[in-house]
2 protein chains.
Amino acid sequence: MTATAAAPRPFSNALELLRAAKLRPTRQRLALARMLFETGDRHVTAEQLHGEARAASVRVSLATVYNTLHQFISAGLLREVVVDPGRSYFDTNVSDHHHFFHEDSGHLQDIPGERVGVAELPAPPSGTKIRRVDVIIRVSPERAR
Amino acid sequence: MTATAAAPRPFSNALELLRAAKLRPTRQRLALARMLFETGDRHVTAEQLHGEARAASVRVSLATVYNTLHQFISAGLLREVVVDPGRSYFDTNVSDHHHFFHEDSGHLQDIPGERVGVAELPAPPSGTKIRRVDVIIRVSPERAR
DNA sequence: TCACAATATTAGAACTATTCTAATCTATTG
DNA sequence: CAATAGATTAGAATAGTTCTAATATTGTGA
């Protein structure tokens, strides 16, 4: 049993990753994939990523950034984290984990380790199935509020 | 020690509740408070509440619905639940509890009992304080997806 | 009760994040 | 290298929410 396309990460490079996801390796997708996956885990908004791309002289439209992010989600390379009304965060860490959300700065941070979990997970309402459990720990500066 | 203004709920009526929150009992606020608090726990969006009001022939603008919801949040009568990008839910249950979110229908539901909690709550990042812990269990119809 | 000041409400404009459209461009395949 | 399927784009459109500034209502103190 060797490494297969189903494995969620260890892609040595963006090109491989796009191939595995059956997405044409266009200039834009390659650049975005590199920005997202070649550094450690990241939490970005579409606007942030777009800004970053332009700052790096990658010519890409905001529409393409959105398209690409959604394609990456469908491919299981990315997941969306909902913490702020009217702003979507995209998380490159797709393993089971949860988040600290810094309410003042809007910064999102993985909770390290596998230490957080829900005690006594309740049964889902009948006829439904649990798709995901999100734990958001909202924090703000000690003295604030 | 009799009932005081600090107690979060048992208000027999909307008028009392507004008084305790130091909000003038205007026609609109009274109507909205009744719709929100005189039946059991509710989860509504601003648009839903607005529609309901109009259906009940309460003349109130959407702007006022938003203003009022935010004032109720500030007064601790309501809390916001963030589960859906670009849509805010307002929850009349302000006690410690968590939610099932039905991804297909957009329906939000309290998880009954005090059974859900986070095991081994991690320490917050230094310099910060935990303001709230949200657990969202996302469900969808058994067969769907 | 009345007049006044403080507070609320409103319609509609504005704003933000996101999605859509349909025209143009690019990658892949034979 | 031509044909075609798929990708990108600018800009328009949309959805939810907030803002603005004009008007209306409420509580108060005489």
# chains A, B, ... in the order shown; residues from 1 in each chain; ligands from 1
$ interface_residues --of "chain D" --to "chain B" --cutoff "8 Å" --atoms "only C-alpha atoms (C1' of nucleotides)" --output "PyMOL selection string"
chain D and resi 15-16+26
$ calpha_fit_rmsd --fixed "chain B" --moving "chain A"
0.1 Å
$ interface_residues --of "chain B" --to "chain A" --cutoff "6 Å" --atoms "only C-alpha atoms" --output "PDB file with C-alpha atoms, in the first residue's frame"
ATOM      1  CA  VAL B  82     -22.625  32.557  13.894  1.00  0.00           C
ATOM      2  CA  VAL B  83     -23.011  29.433  11.798  1.00  0.00           C
ATOM      3  CA  PRO B  85     -21.483  32.994   6.379  1.00  0.00           C
ATOM      4  CA  GLY B  86     -23.547  36.030   5.548  1.00  0.00           C
ATOM      5  CA  VAL B 116     -22.376  19.053  25.903  1.00  0.00           C
ATOM      6  CA  GLY B 117     -19.200  20.643  27.057  1.00  0.00           C
ATOM      7  CA  VAL B 118     -15.662  20.785  25.973  1.00  0.00           C
ATOM      8  CA  ALA B 119     -13.366  18.201  27.451  1.00  0.00           C
ATOM      9  CA  GLU B 120     -10.061  19.642  28.639  1.00  0.00           C
ATOM     10  CA  GLY B 127      -2.799  37.869  27.360  1.00  0.00           C
ATOM     11  CA  THR B 128      -6.273  36.777  26.373  1.00  0.00           C
ATOM     12  CA  LYS B 129      -9.360  35.703  28.194  1.00  0.00           C
ATOM     13  CA  ILE B 130     -12.033  33.259  27.066  1.00  0.00           C
ATOM     14  CA  ARG B 131     -15.223  35.137  26.343  1.00  0.00           C
ATOM     15  CA  ARG B 132     -17.306  32.279  25.123  1.00  0.00           C
ATOM     16  CA  VAL B 133     -17.113  28.749  23.843  1.00  0.00           C
ATOM     17  CA  ASP B 134     -19.356  27.827  20.953  1.00  0.00           C
ATOM     18  CA  VAL B 135     -19.990  24.269  19.940  1.00  0.00           C
ATOM     19  CA  ILE B 136     -21.818  23.822  16.658  1.00  0.00           C
ATOM     20  CA  ILE B 137     -22.790  20.326  15.618  1.00  0.00           C
ATOM     21  CA  ARG B 138     -23.505  20.450  11.905  1.00  0.00           C
ATOM     22  CA  VAL B 139     -26.025  17.889  10.759  1.00  0.00           C
ATOM     23  CA  SER B 140     -27.828  17.097   7.527  1.00  0.00           C
ATOM     24  CA  PRO B 141     -30.342  14.470   6.424  1.00  0.00           C
ATOM     25  CA  GLU B 142     -28.965  10.973   6.886  1.00  0.00           C
TER      26      GLU B 142
END
$ interface_residues --of "chain C" --to "chain A" --cutoff "8 Å" --atoms "only C-alpha atoms (C1' of nucleotides)" --output "number ranges by chain"
C: 16-17, 27
$ select_by_dssp --residues "segment 30-99 of chain A" --states "strand (DSSP E)" --output "number ranges by chain"
A: 43-44, 79-84, 87-91, 99
$ residues_around --residues "segment 9-11 of chain C" --least-positions-apart "4" --cutoff "9 Å" --atoms "only C-alpha atoms (C1' of nucleotides)" --output "VMD selection string"
(chain B and resid 28 60 to 61 63 to 64) or (chain D and resid 22 to 25)
$ write_last_selection --atoms "C-alpha atoms (C1' of nucleotides)" --output "short mmCIF file (atom, residue, chain, number, x, y, z; two decimals), in the first residue's frame"
data_model
loop_
_atom_site.label_atom_id
_atom_site.label_comp_id
_atom_site.auth_asym_id
_atom_site.auth_seq_id
_atom_site.Cartn_x
_atom_site.Cartn_y
_atom_site.Cartn_z
CA GLN B 28 -41.94 48.54 17.81
CA VAL B 60 -41.61 48.35 11.73
CA SER B 61 -38.68 48.89 9.42
CA ALA B 63 -33.43 49.02 10.27
CA THR B 64 -35.35 49.10 13.51
"C1'" DA D 22 -35.10 63.77 8.24
"C1'" DT D 23 -39.26 62.95 10.89
"C1'" DA D 24 -41.81 61.18 14.77
"C1'" DT D 25 -42.45 59.69 19.50
#
$ decode --residues "chain D" --atoms "C-alpha atoms (C1' of nucleotides)" --output "PDB file, in the first residue's frame"
ATOM      1  C1'  DC D   1      -1.242  22.921 -34.375  1.00  0.00           C
ATOM      2  C1'  DA D   2      -6.407  23.067 -34.456  1.00  0.00           C
ATOM      3  C1'  DA D   3     -10.299  22.136 -31.882  1.00  0.00           C
ATOM      4  C1'  DT D   4     -12.478  22.014 -27.626  1.00  0.00           C
ATOM      5  C1'  DA D   5     -13.168  21.885 -22.926  1.00  0.00           C
ATOM      6  C1'  DG D   6     -12.191  24.378 -19.208  1.00  0.00           C
ATOM      7  C1'  DA D   7     -10.391  28.729 -16.778  1.00  0.00           C
ATOM      8  C1'  DT D   8     -10.075  33.567 -16.080  1.00  0.00           C
ATOM      9  C1'  DT D   9     -11.759  38.071 -16.072  1.00  0.00           C
ATOM     10  C1'  DA D  10     -14.083  42.754 -15.383  1.00  0.00           C
ATOM     11  C1'  DG D  11     -17.769  44.321 -14.005  1.00  0.00           C
ATOM     12  C1'  DA D  12     -22.636  43.834 -12.863  1.00  0.00           C
ATOM     13  C1'  DA D  13     -25.670  41.771  -9.620  1.00  0.00           C
ATOM     14  C1'  DT D  14     -27.106  40.142  -5.172  1.00  0.00           C
ATOM     15  C1'  DA D  15     -27.699  39.544  -0.096  1.00  0.00           C
ATOM     16  C1'  DG D  16     -27.271  40.966   4.324  1.00  0.00           C
ATOM     17  C1'  DT D  17     -26.311  44.637   7.135  1.00  0.00           C
ATOM     18  C1'  DT D  18     -25.230  49.413   8.531  1.00  0.00           C
ATOM     19  C1'  DC D  19     -25.491  54.337   7.885  1.00  0.00           C
ATOM     20  C1'  DT D  20     -27.684  58.935   7.194  1.00  0.00           C
ATOM     21  C1'  DA D  21     -30.323  62.611   8.117  1.00  0.00           C
ATOM     22  C1'  DA D  22     -35.102  63.770   8.236  1.00  0.00           C
ATOM     23  C1'  DT D  23     -39.255  62.954  10.895  1.00  0.00           C
ATOM     24  C1'  DA D  24     -41.812  61.176  14.768  1.00  0.00           C
ATOM     25  C1'  DT D  25     -42.449  59.692  19.496  1.00  0.00           C
ATOM     26  C1'  DT D  26     -41.533  59.483  24.396  1.00  0.00           C
ATOM     27  C1'  DG D  27     -40.505  61.036  29.023  1.00  0.00           C
ATOM     28  C1'  DT D  28     -39.718  65.234  31.844  1.00  0.00           C
ATOM     29  C1'  DG D  29     -40.423  69.118  34.481  1.00  0.00           C
ATOM     30  C1'  DA D  30     -43.063  73.247  34.987  1.00  0.00           C
TER      31       DA D  30
END
